[in-house]
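Take a look at the structure below.
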Amino acid sequence: MTKIRELLEKKDLKNLQEFLNSETSANIAEFIKENEEGEKENIILFRILSKEKAAEVFAELDGDLQMQIVSSMTDDKLQSLLDELYFDDMIDFIEEMPSSVVKRVLENYKNENRSLINQFLSYEEDSAGSLMTIEYLSLKSHWTVRESLNYIRQKVKDLETIDVAYVRDKNRVLIGEISLKNLLLSKDEDIIEDVMNKNVLYVTTSTNQEDAIELFKKYDLTVLPVIDKEKILVGIITIDDMVDVIEEENTEDFQKMAAMAPSKEEYLESSVFELAKNRLTWLLVLMVSATFTGSIISKYEDIIEQMVVLAAAIPMLMDTGGNAGSQSSTLVIRGMALGEIKLKDWFRVVWKELRVGIIVALGLGLVNFCRMRFILKQDMKISFLVSFTLGIVVVMAKLVGGVLPLGAKKLKMDPAIMAGPLVTTIVDALALMMYFYIAMFLYKDVLNI
C-alpha cells in the first residue's frame with residue numbers, strides 16, 4: 001500500500017497511526033507480509049496500532065511474522081495482545097509457536113485460564129474441539145426476550161459472532177437455539193423456551209472436522225455448536241474458521257493428487273530441502289512401481305524386435321490411458337469430497353464410467369485409425385490394432401480411475417492418493433499387457449513366438 005509506504009518514509013507516525021486505525025486489518029496484514037524492508041518497520045507499524053486493531057492484524061499473520069512481533073514484546077505487552085484476541089485465534093497462535101513462547105504465555109495466565117488453554121491444546125488436530133471458540137452467545141431458557149436483548153447488548157463487544165444464540169438449561173446442556181433475527185421479531189414478554197428452535201444441529205469435541213465441513217455445506221451454516229459427552233455446550237465453530245479448514249483440506253488433497261506429501265507451509269516460505277523431501281518419497285514409490293511397466297516391455301521384447309512399428313504407439317497408448325484414468329479419478333474424488341458420491345454408489349459410478357469410456361473410446365479410436373491409415377500410411381492391421389487397443393485402454397482407464405478412489409475409501413485410506421500418478425502407473429501396466437496380447441492374437445501367424 002503506497003500510502004503506508006509514503007508515511008513510513010516521511011516518519012510521520014502520527015498520521016500513519018490515524019491511517020492504520022482507519023484501514024482494514026486484512027490490508028494492513030497484507031502490507032506487513034509483503035513489506036520488503038523487513039522486521040524493524042513491521043514492529044513499528046504494529047506498535048502504533050490500537051490494541052483492538054493490533055489483535056485483528058495479528059490474527060491475520062502467519063506463524064513466522066507472529067513470532068517476529070512477539071519476540072520484540074515484553075511479557076506485559078504480549079499478555080495485553082493475547083487478551084484482545086478471540087480465544088480460538090489465541091489457541092491457533094499458541095499451536096504454531098515454539099515451546100519457549102508457549103511457556104511465556106502460560107506463565108502469565110491464571111490457573112483457570114491456563115487449564116482451559118491446555119485442554120484446548122489437547123484436542124486432536126483434526127477434531128471439532130480444536131476448531132471451536134469459547135466466545136459464544138448463550139441464553140437461559142426462562143429469560144424473556146427483553147432480558148435476553150439486554151444481556152446481548154452487554155456481551156456483544158466480547159463475542160466473535162452473535163448471529164445465533166444458544167439456549168442452555170440449568171446444567172448447561174444445549175436445548176435449543178434462536179437467531180438474532182427471530183429474537184428481534186419476537187415480543188418482549190415472550191419466553192425464550194417458547195420461541196427457540198429445539199432441533200439444533202451440533203457436533204461433539206471429537207467429531208472429525210470433515211464431518212463438520214459437511215454440515216456447514218449441507219445446511220448453509222455460519223456457526224455450529226460443539227458439545228461434550230454429557231451434551232454440555234462447550235463452544236462454537238464459526239464459518240471463518242471453517243473456510244480456513246476447507247482451504248487446507250483442498251490444498252492437502254491437491255498435493256496428494258500430485259503425488260506429494262502434504263505440507264501446511266506456504267510455497268515461498270518452505271525450504272528447498274522440505275519441498276524436496278515432500279516430493280521425493282512419492283516419486284520413489286512411483287519410480288519403483290514403474291518397474292512393472294519396464295518388466296512388461298522386457299517380457300514382450302521378442303514381439304517388438306519382429307514388429308518395431310509396435311513400439312512407436314506405446315507412448316501414445318500409455319499417455320492417453322493415464323490421462324483418461326486421471327480424469328475419472330479427479331471427478332470421483334471431487335464428488336466424494338462434496339458428498340455427492342457415497343460408497344453405496346459404486347455400481348452407478350462403474351455404469352456411468354463404462355458408458356462414458358465407450359463413447360470416448362469410439363471417438364479416439366476412429367480418429368486414430370484415420371490418422372494412422374491415411375496420414376501415416378500404416379498397414380490396415382496395424383492401424384486397427386493400435387486403435388482397437390486404444391479404445392479398450394480408455395474404457396479400462398475410466399473404470400479404474402472411477403473405482404480406485406471408492407476402494408481407497410472402503411479401506412479407510414485417503415481417496416486423493418488414488419488420483420493422478422498412481423492411477424497412471426496402474427493403467428500403464430494394464431495398457432501394455434492388453435496391447436501385446438491383442439498383437440499376439442492378430443499376428444500369431446507371422447510372429448515367431
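Every chain in the C-alpha cells takes a letter, A first, then B, and so on in the order presented; its residues are numbered from 1, and the ligands are numbered from 1 following the presented order.
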
Show me, as a compact mmCIF listing (two decimals) with C-alpha atoms, in the first residue's frame, the residues that have an atom within 7 Å of region 351-364 of chain A when counting only C-alpha atoms, minus same-chain residues fewer than 2 positions from it.
```txt
# COMPACT_ATOMS: atom_id res chain seq x y z
CA PHE A 347 -22.24 -49.54 -9.19
CA ARG A 348 -23.67 -46.25 -10.52
CA VAL A 349 -20.11 -44.92 -10.87
CA LEU A 366 -11.86 -43.63 -35.04
CA VAL A 367 -9.69 -40.51 -35.21
CA ASN A 368 -6.54 -42.51 -34.50
CA GLY A 391 -10.31 -47.90 -27.22
CA VAL A 394 -9.57 -45.82 -22.46
CA VAL A 395 -12.58 -47.82 -21.23
CA LYS A 398 -12.11 -44.85 -16.96
CA LEU A 399 -13.24 -47.81 -14.88
CA GLY A 402 -13.58 -44.31 -11.10
```

Any idea what's packed within 6 Å of region 127-144 of chain A, counting only C-alpha atoms, ignoring anything in its chain fewer than 3 positions away? Could you give it as an NGL selection string? :A and (87-88 or 123-124 or 147 or 159 or 165-168 or 189-193 or 205-209 or 235-237)

Just the alpha helix (DSSP H) stuff from region 231-425 of chain A, please, per backbone DSSP, written as a ChimeraX atom specification. /A:239-257,272-289,291-299,301-306,309-312,314-337,346-370,380-410,421-425

Determine, using only C-alpha atoms, which residues of region 207-305 of chain A have any atom at most 8 Å from an atom of region 430-440 of chain A, and tabulate each with its shortest atom pair and distance in Å to one decimal place, rows ordered by chain and then rising number, as a tab-separated table.
```
residue	atom	partner	partner_atom	distance
A:Thr293	CA	A:Leu432	CA	7.5
A:Ile296	CA	A:Met433	CA	6.9
A:Ile297	CA	A:Leu432	CA	7.5
A:Tyr300	CA	A:Phe436	CA	7.2
```

Quick one: DSSP strand (DSSP E) residues in region 141-288 of chain A, as a ChimeraX atom specification? /A:164-168,174-179,203-204,223-227,233-238

Could you save the residues just selected, with C-alpha atoms, as a tab-separated table (two decimals), in the first residue's frame?
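Resulting contents of selection_27.tsv:
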```tsv
chain	number	residue	atom	x	y	z
A	164	VAL	CA	-27.23	-17.26	16.72
A	165	ALA	CA	-27.80	-17.53	20.46
A	166	TYR	CA	-27.75	-20.98	22.07
A	167	VAL	CA	-30.12	-21.87	24.88
A	168	ARG	CA	-28.92	-23.93	27.82
A	174	LEU	CA	-27.75	-27.44	24.97
A	175	ILE	CA	-31.54	-27.49	24.49
A	176	GLY	CA	-32.18	-25.01	21.66
A	177	GLU	CA	-31.12	-22.04	19.56
A	178	ILE	CA	-32.57	-18.78	18.33
A	179	SER	CA	-31.29	-16.45	15.61
A	203	VAL	CA	-21.05	-31.72	16.71
A	204	THR	CA	-19.04	-33.13	19.60
A	223	VAL	CA	-21.95	-21.15	13.10
A	224	LEU	CA	-22.15	-24.64	14.63
A	225	PRO	CA	-22.30	-25.52	18.35
A	226	VAL	CA	-19.93	-28.03	19.93
A	227	ILE	CA	-20.93	-30.22	22.89
A	233	LEU	CA	-22.31	-26.75	25.32
A	234	VAL	CA	-18.56	-26.05	25.35
A	235	GLY	CA	-18.01	-23.87	22.25
A	236	ILE	CA	-18.90	-22.97	18.69
A	237	ILE	CA	-17.22	-23.23	15.30
A	238	THR	CA	-17.60	-20.14	13.10
```

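CA of Asn197 (chain A) is found 17.4 Å from CA of Leu215 (chain A).
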
Write out as number ranges by chain each polymer residue whose atoms come within 7 Å of Gly325 (chain A), counting only C-alpha atoms; drop sequence neighbours fewer than 2 positions from it. A: 321-323, 327-329, 397-398, 400-401, 423-424

Within 9 Å of Glu52 (chain A), counting only C-alpha atoms, which residues qualify if same-chain residues fewer than 3 places away don't, as a PyMOL selection string? chain A and resi 49+55-57+81+84-85

Please report the interatomic distance between CA of Val173 (chain A) and CA of Lys231 (chain A) in Å with one decimal. 5.5 Å

Report, in Å with one decimal, the straight-line distance from CA of Leu149 (chain A) to CA of Thr222 (chain A). 20.7 Å
